[in-house]
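Okay, model.txt now, which holds compact mmCIF, C-alpha atoms:
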# COMPACT_ATOMS: atom_id res chain seq x y z
CA MET A 1 -60.05 -0.90 -39.43
CA PRO A 2 -57.02 0.77 -41.00
CA PRO A 3 -54.04 -1.53 -41.54
CA LYS A 4 -51.59 -1.54 -38.62
CA LYS A 5 -48.41 0.34 -39.43
CA ASP A 6 -45.14 -1.48 -38.91
CA SER A 7 -43.20 0.02 -36.03
CA VAL A 8 -39.65 0.94 -36.99
CA VAL A 9 -37.12 -1.08 -35.04
CA VAL A 10 -34.02 1.03 -34.47
CA PRO A 11 -30.98 -1.24 -34.66
CA GLU A 12 -28.84 -1.50 -31.56
CA ILE A 13 -25.08 -1.14 -31.87
CA TYR A 14 -21.99 -1.58 -29.65
CA LYS A 15 -23.75 -4.14 -27.43
CA GLU A 16 -20.35 -5.10 -26.05
CA TYR A 17 -20.39 -1.79 -24.13
CA TYR A 18 -23.68 -2.59 -22.37
CA GLY A 19 -23.52 -3.31 -18.66
CA ILE A 20 -22.81 -1.87 -15.22
CA TYR A 21 -19.83 0.38 -14.56
CA MET A 22 -19.19 0.97 -10.88
CA GLY A 23 -16.69 2.90 -8.79
CA ASP A 24 -15.80 6.19 -7.13
CA PHE A 25 -17.77 9.40 -7.48
CA ALA A 26 -15.62 12.12 -5.90
CA GLY A 27 -16.12 15.83 -5.39
CA LYS A 28 -15.07 18.68 -3.13
CA GLU A 29 -17.62 19.83 -0.58
CA MET A 30 -17.73 21.60 2.76
CA ILE A 31 -17.32 19.20 5.68
CA THR A 32 -18.54 20.03 9.19
CA PRO A 33 -16.60 18.02 11.82
CA GLU A 34 -17.99 17.34 15.30
CA ILE A 35 -15.14 19.42 16.72
CA GLY A 36 -13.44 22.28 14.91
CA GLU A 37 -14.24 24.48 11.97
CA GLU A 38 -15.89 23.66 8.66
CA TYR A 39 -13.43 22.93 5.86
CA GLU A 40 -13.43 21.90 2.20
CA GLY A 41 -12.53 18.27 1.57
CA GLU A 42 -12.82 15.48 -0.97
CA VAL A 43 -15.88 13.29 -0.45
CA TYR A 44 -16.04 9.86 -2.10
CA LYS A 45 -19.30 8.10 -2.90
CA LYS A 46 -20.03 4.96 -4.92
CA ILE A 47 -21.85 5.23 -8.23
CA SER A 48 -23.21 2.73 -10.75
CA LEU A 49 -23.79 3.70 -14.38
CA LYS A 50 -25.83 1.12 -16.26
CA ILE A 51 -25.79 1.30 -20.05
CA ASN A 52 -28.88 -0.50 -21.36
CA ARG A 53 -29.05 0.41 -25.04
CA ILE A 54 -27.03 2.17 -27.74
CA THR A 55 -28.36 3.18 -31.18
CA LYS A 56 -26.92 5.41 -33.89
CA ASP A 57 -28.52 8.48 -32.30
CA SER A 58 -29.00 7.68 -28.64
CA VAL A 59 -27.71 5.97 -25.50
CA TYR A 60 -30.12 4.89 -22.74
CA GLY A 61 -29.38 3.86 -19.19
CA GLN A 62 -29.49 4.85 -15.55
CA SER A 63 -27.30 6.12 -12.73
CA ILE A 64 -27.53 4.99 -9.11
CA VAL A 65 -26.00 7.02 -6.25
CA ASP A 66 -27.02 6.93 -2.56
CA GLY A 67 -30.04 4.79 -3.47
CA ASN A 68 -31.24 7.43 -5.95
CA GLN A 69 -31.86 5.86 -9.36
CA ARG A 70 -32.07 8.28 -12.30
CA PRO A 71 -32.56 7.54 -16.00
CA PHE A 72 -30.22 9.13 -18.52
CA ARG A 73 -30.13 9.62 -22.26
CA GLY A 74 -27.23 10.72 -24.40
CA VAL A 75 -24.92 10.07 -27.31
CA PHE A 76 -21.85 7.94 -28.02
CA ASN A 77 -18.93 9.16 -30.11
CA GLU A 78 -17.18 6.17 -31.68
CA THR A 79 -14.11 8.16 -32.73
CA SER A 80 -13.27 9.39 -29.23
CA LYS A 81 -14.97 6.43 -27.47
CA SER A 82 -16.82 8.89 -25.27
CA PHE A 83 -20.35 9.32 -23.91
CA ILE A 84 -22.31 12.47 -23.08
CA LEU A 85 -25.22 11.39 -20.86
CA ASP A 86 -27.92 13.69 -19.46
CA GLU A 87 -30.19 12.91 -16.53
CA PRO A 88 -33.74 14.33 -16.95
CA GLY A 89 -33.17 17.60 -15.09
CA ASN A 90 -36.35 17.50 -12.97
CA ASP A 91 -34.49 16.49 -9.79
CA LYS A 92 -32.01 18.73 -7.96
CA THR A 93 -29.36 15.98 -8.13
CA ASP A 94 -29.51 15.67 -11.95
CA GLY A 95 -26.60 16.55 -14.18
CA ARG A 96 -24.49 15.64 -17.20
CA PHE A 97 -21.92 12.83 -17.38
CA GLU A 98 -19.03 13.22 -19.80
CA VAL A 99 -17.09 9.96 -19.71
CA LYS A 100 -14.54 8.16 -21.84
CA LEU A 101 -14.38 4.42 -22.41
CA LYS A 102 -11.06 2.59 -22.28
CA ASN A 103 -11.13 -1.21 -22.21
CA ASP A 104 -13.45 -1.96 -19.28
CA SER A 105 -13.24 1.40 -17.53
CA LEU A 106 -15.15 4.66 -17.73
CA THR A 107 -13.53 7.87 -16.50
CA GLY A 108 -14.67 11.46 -16.68
CA THR A 109 -16.80 14.08 -14.98
CA TRP A 110 -20.31 14.85 -13.83
CA ASN A 111 -21.63 18.40 -13.57
CA ALA A 112 -24.91 19.36 -11.89
CA PHE A 113 -27.45 21.28 -13.95
CA ASN A 114 -28.32 23.30 -10.86
CA LYS A 115 -24.98 24.29 -9.33
CA THR A 116 -26.44 25.72 -6.12
CA ALA A 117 -28.74 22.78 -5.29
CA VAL A 118 -26.03 20.23 -4.45
CA LYS A 119 -23.00 20.26 -2.14
CA ALA A 120 -20.52 19.22 -4.83
CA PRO A 121 -21.71 20.46 -8.25
CA SER A 122 -18.71 18.94 -10.05
CA LYS A 123 -17.48 15.38 -9.54
CA ASN A 124 -14.97 12.97 -11.04
CA LEU A 125 -15.73 9.34 -11.90
CA LYS A 126 -13.47 6.30 -12.09
CA LEU A 127 -15.54 3.24 -12.92
CA ILE A 128 -14.85 -0.40 -13.77
CA LYS A 129 -17.24 -2.71 -15.60
CA LYS A 130 -18.80 -5.22 -13.22
CA GLU A 131 -21.09 -8.13 -13.82
CA PHE A 132 -24.04 -8.41 -11.45
CA VAL A 133 -24.79 -11.94 -10.27
CA TYR A 134 -27.12 -13.11 -7.54
CA ASN A 135 -25.31 -15.49 -5.23
CA PRO A 136 -27.00 -16.68 -2.01
CA ASN A 137 -23.55 -17.37 -0.49
CA PHE A 138 -22.46 -13.71 -0.46
CA MET A 139 -21.79 -12.51 3.09
CA LEU A 140 -20.11 -9.59 4.84
CA SER A 141 -16.40 -10.17 5.23
CA PRO A 142 -14.97 -10.88 8.74
CA ASP A 143 -12.86 -7.71 8.43
CA ASN A 144 -15.99 -5.58 7.84
CA ASP A 145 -16.43 -2.60 10.15
CA LEU A 146 -19.56 -3.41 12.21
CA ILE A 147 -20.21 0.06 13.59
CA ASP A 148 -23.19 2.13 12.45
CA TRP A 149 -21.53 5.53 12.20
CA GLU A 150 -24.68 7.23 10.91
CA ASN A 151 -26.88 7.26 14.04
CA PRO A 152 -24.93 8.24 17.16
CA LYS A 153 -26.98 8.62 20.33
CA ASN A 154 -26.17 10.67 23.43
CA PHE A 155 -26.12 8.92 26.81
CA VAL A 156 -25.70 10.52 30.24
CA GLU A 157 -22.84 8.74 32.05
CA LYS A 158 -21.73 8.98 35.70
CA TYR A 159 -18.14 9.43 36.81
CA THR A 160 -16.91 9.11 40.41
CA ASP A 161 -13.66 10.86 41.34
CA GLU A 162 -11.42 8.39 43.24
CA HIS A 163 -9.91 11.05 45.48
CA THR A 164 -12.92 13.16 46.42
CA GLY A 165 -15.66 10.55 46.01
CA ASN A 166 -17.75 13.15 44.16
CA THR A 167 -19.99 11.86 41.38
CA GLU A 168 -20.37 13.90 38.22
CA THR A 169 -22.40 13.35 35.09
CA TYR A 170 -21.32 13.89 31.49
CA THR A 171 -22.79 13.19 28.05
CA ALA A 172 -21.17 10.53 25.86
CA SER A 173 -21.95 9.96 22.19
CA LYS A 174 -22.25 6.25 21.35
CA ASN A 175 -22.80 4.26 18.18
CA ARG A 176 -24.72 1.07 17.49
CA VAL A 177 -22.52 -1.95 16.91
CA ALA A 178 -23.32 -5.36 15.42
CA SER A 179 -22.02 -8.72 16.63
CA ASP A 180 -20.27 -11.46 14.68
CA ALA A 181 -23.67 -13.18 14.26
CA VAL A 182 -23.84 -11.29 10.94
CA PHE A 183 -21.01 -13.50 9.62
CA LYS A 184 -22.79 -16.72 10.61
CA ILE A 185 -26.49 -16.33 9.80
CA ASN A 186 -27.52 -16.33 6.13
CA ALA A 187 -31.20 -15.57 5.49
CA SER A 188 -30.86 -16.53 1.81
CA LYS A 189 -29.81 -20.11 2.60
CA GLN A 190 -31.15 -21.28 5.96
CA LYS A 191 -34.70 -21.27 7.28
CA LEU A 192 -34.56 -19.01 10.32
CA THR A 193 -36.39 -19.83 13.54
CA GLU A 194 -37.35 -17.71 16.53
CA LYS A 195 -34.58 -19.46 18.47
CA ASP A 196 -31.99 -18.19 15.92
CA LEU A 197 -33.10 -14.59 16.41
CA LYS A 198 -34.21 -14.16 20.00
CA ASN A 199 -30.80 -13.10 21.44
CA LEU A 200 -29.64 -11.00 18.51
CA ARG A 201 -29.18 -7.25 18.57
CA LYS A 202 -31.45 -5.07 16.47
CA LEU A 203 -28.56 -4.06 14.18
CA ASP A 204 -27.60 -7.74 13.70
CA MET A 205 -31.09 -8.51 12.41
CA GLU A 206 -31.18 -5.41 10.22
CA ILE A 207 -27.90 -6.47 8.57
CA ILE A 208 -29.00 -10.12 8.17
CA LYS A 209 -32.27 -8.97 6.58
CA ASN A 210 -30.68 -6.37 4.32
CA SER A 211 -27.99 -8.82 3.18
CA VAL A 212 -30.85 -10.59 1.36
CA PHE A 213 -31.69 -7.38 -0.54
CA ALA A 214 -28.01 -6.56 -1.13
CA ARG A 215 -27.46 -9.96 -2.80
CA HIS A 216 -30.22 -9.06 -5.28
CA GLY A 217 -28.57 -5.70 -6.07
CA TYR A 218 -30.90 -3.46 -4.06
CA SER A 219 -29.81 0.17 -4.01
CA PHE A 220 -30.02 1.34 -0.37
CA LYS A 221 -31.20 4.86 0.37
CA LYS A 222 -30.17 4.48 4.05
CA ALA A 223 -26.48 5.23 4.49
CA THR A 224 -26.26 2.79 7.43
CA TYR A 225 -26.87 -0.23 5.19
CA ARG A 226 -25.02 1.18 2.17
CA ASN A 227 -21.90 1.64 4.29
CA PHE A 228 -21.89 -2.01 5.39
CA PHE A 229 -22.33 -3.49 1.93
CA GLU A 230 -20.07 -1.07 0.07
CA GLN A 231 -17.19 -2.54 2.10
CA THR A 232 -17.64 -5.85 0.21
CA ASP A 233 -16.35 -6.56 -3.28
CA TRP A 234 -19.60 -8.27 -4.38
CA TYR A 235 -22.25 -5.61 -3.73
CA ILE A 236 -23.46 -4.05 -7.00
CA PRO A 237 -26.59 -1.84 -6.73
CA VAL A 238 -28.76 -2.32 -9.82
CA SER A 239 -32.33 -1.52 -8.76
CA ASN A 240 -34.39 0.31 -6.14
CA ASN A 241 -37.00 -2.46 -6.03
CA VAL A 242 -36.02 -6.14 -5.89
CA ASP A 243 -39.07 -7.47 -3.96
CA ASN A 244 -40.15 -9.74 -6.84
CA ASP A 245 -36.66 -11.27 -7.09
CA LEU A 246 -36.66 -12.71 -3.56
CA THR A 247 -36.94 -16.49 -3.24
CA PRO A 248 -39.83 -17.97 -1.16
CA LEU A 249 -37.31 -18.82 1.61
CA GLU A 250 -35.97 -15.25 1.64
CA LYS A 251 -39.50 -13.80 1.81
CA GLU A 252 -40.33 -16.02 4.80
CA ASN A 253 -37.11 -15.08 6.60
CA VAL A 254 -37.55 -11.36 5.92
CA ALA A 255 -41.09 -11.49 7.37
CA LEU A 256 -39.78 -13.22 10.53
CA LEU A 257 -36.89 -10.76 10.86
CA ASN A 258 -39.27 -7.80 10.51
CA ARG A 259 -41.35 -9.15 13.41
CA PHE A 260 -38.29 -9.42 15.66
CA ILE A 261 -36.67 -6.13 14.58
CA LYS A 262 -39.74 -4.26 15.84
CA TYR A 263 -39.03 -5.21 19.45
CA ALA A 264 -35.26 -5.78 19.47
CA GLU A 265 -32.79 -3.75 21.51
CA ASP A 266 -29.57 -2.16 20.30
CA LYS A 267 -26.08 -2.40 21.77
CA TYR A 268 -24.22 0.94 21.95
CA ASP A 269 -20.51 1.53 22.47
CA SER A 270 -18.17 4.51 22.42
CA PHE A 271 -15.84 4.83 19.45
CA GLY A 272 -13.45 7.51 18.31
CA ARG A 273 -13.51 8.47 14.69

Could I get this structure in the form of structure tokens?
Amino acid sequence: MPPKKDSVVVPEIYKEYYGIYMGDFAGKEMITPEIGEEYEGEVYKKISLKINRITKDSVYGQSIVDGNQRPFRGVFNETSKSFILDEPGNDKTDGRFEVKLKNDSLTGTWNAFNKTAVKAPSKNLKLIKKEFVYNPNFMLSPDNDLIDWENPKNFVEKYTDEHTGNTETYTASKNRVASDAVFKINASKQKLTEKDLKNLRKLDMEIIKNSVFARHGYSFKKATYRNFFEQTDWYIPVSNNVDNDLTPLEKENVALLNRFIKYAEDKYDSFGR
């Protein structure tokens, strides 16, 4: 057998810049309101940039937006303290980040490789370095908005005129709404029973279940869940698969919640927006 060649270990540098930078990802795109004409407006999303490794020639990491995790590779310029980071280019949402480091913040731009494939081909970033920690005590805050704005449903309502006594029907758009049970039940800490769940709304149980995944830094593709957890100051998406990170108690509770979610009913209300 030929002697095994030593693999060259490329030294890592600037390890103090490693970590997760999270914040606003903003760009202009056409917005279609329920009533009125389409118009151009600023749309804000949340983005995480995770820098995993820096060498003399390369920077490696990943971006996470809307539950879409993409690797990137690029270069770091020590003189200007700036990064140029390219996503692979084989997805329509891929592009180039050009960002500057100042203390614990990254600011700059992202430009899509394929300008016609995305709604906002140019975006600005303002990110702050965050440290991801798993904490089973993390909960939604009592001032959280508990309305699922993403899935309105049309209901036919009846209206009786007081004067004529005539009954008319009209269509009302309603949204799912959770109850304050989501502030009280923690599936990372307490062993749930059927009694705990039997009177809960479907959305309550979905939030209680997905709080488990949010605590582990799961990156939600579904906007419904993303919107709830992005209102907190603790939610930091770091991965699109955290199944192996769940504790035995969490796995048991998630299985029970899944059974109940299948048959649960939703509560709908009317809200203006």

- Query: Which one of A:Ile84, A:Val177, A:Ile13, A:Ile35 sits closest to Ser270 (chain A) if you count only C-alpha atoms?
  - Reply: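 Between A:Ile84, A:Val177, A:Ile13, A:Ile35, the residue approaching Ser270 (chain A) most closely is A:Val177.
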
- Determine the nearest neighbour of Lys262 (chain A) from the options A:Asp94, A:Thr32, A:Arg201, A:Asn124, counting only C-alpha atoms.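 Going through A:Asp94, A:Thr32, A:Arg201, A:Asn124 one by one, the smallest distance to Lys262 (chain A) is for A:Arg201.
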
- Message: So the first atom is CA of Ala187 (chain A) and the second is CA of Lys221 (chain A); what is the distance between them in Å, to one decimal place?
- Response: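 Distance between the two atoms: 21.1 Å.
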
- Considering all atoms listed in the file, return as an NGL selection string whatever protein or nucleic-acid residues lie within 8 Å of region 76-81 of chain A, sequence-local ones (same chain, fewer than 6 positions apart) excluded. :A and (54 or 57-59 or 100-102)

- Item | Protein, DNA and RNA residues within 12 Å of (-25.6, -0.3, 3.1), all atoms listed in the file, as a ChimeraX atom specification | /A:46,65-67,140,144-150,206-215,217-232,235-237
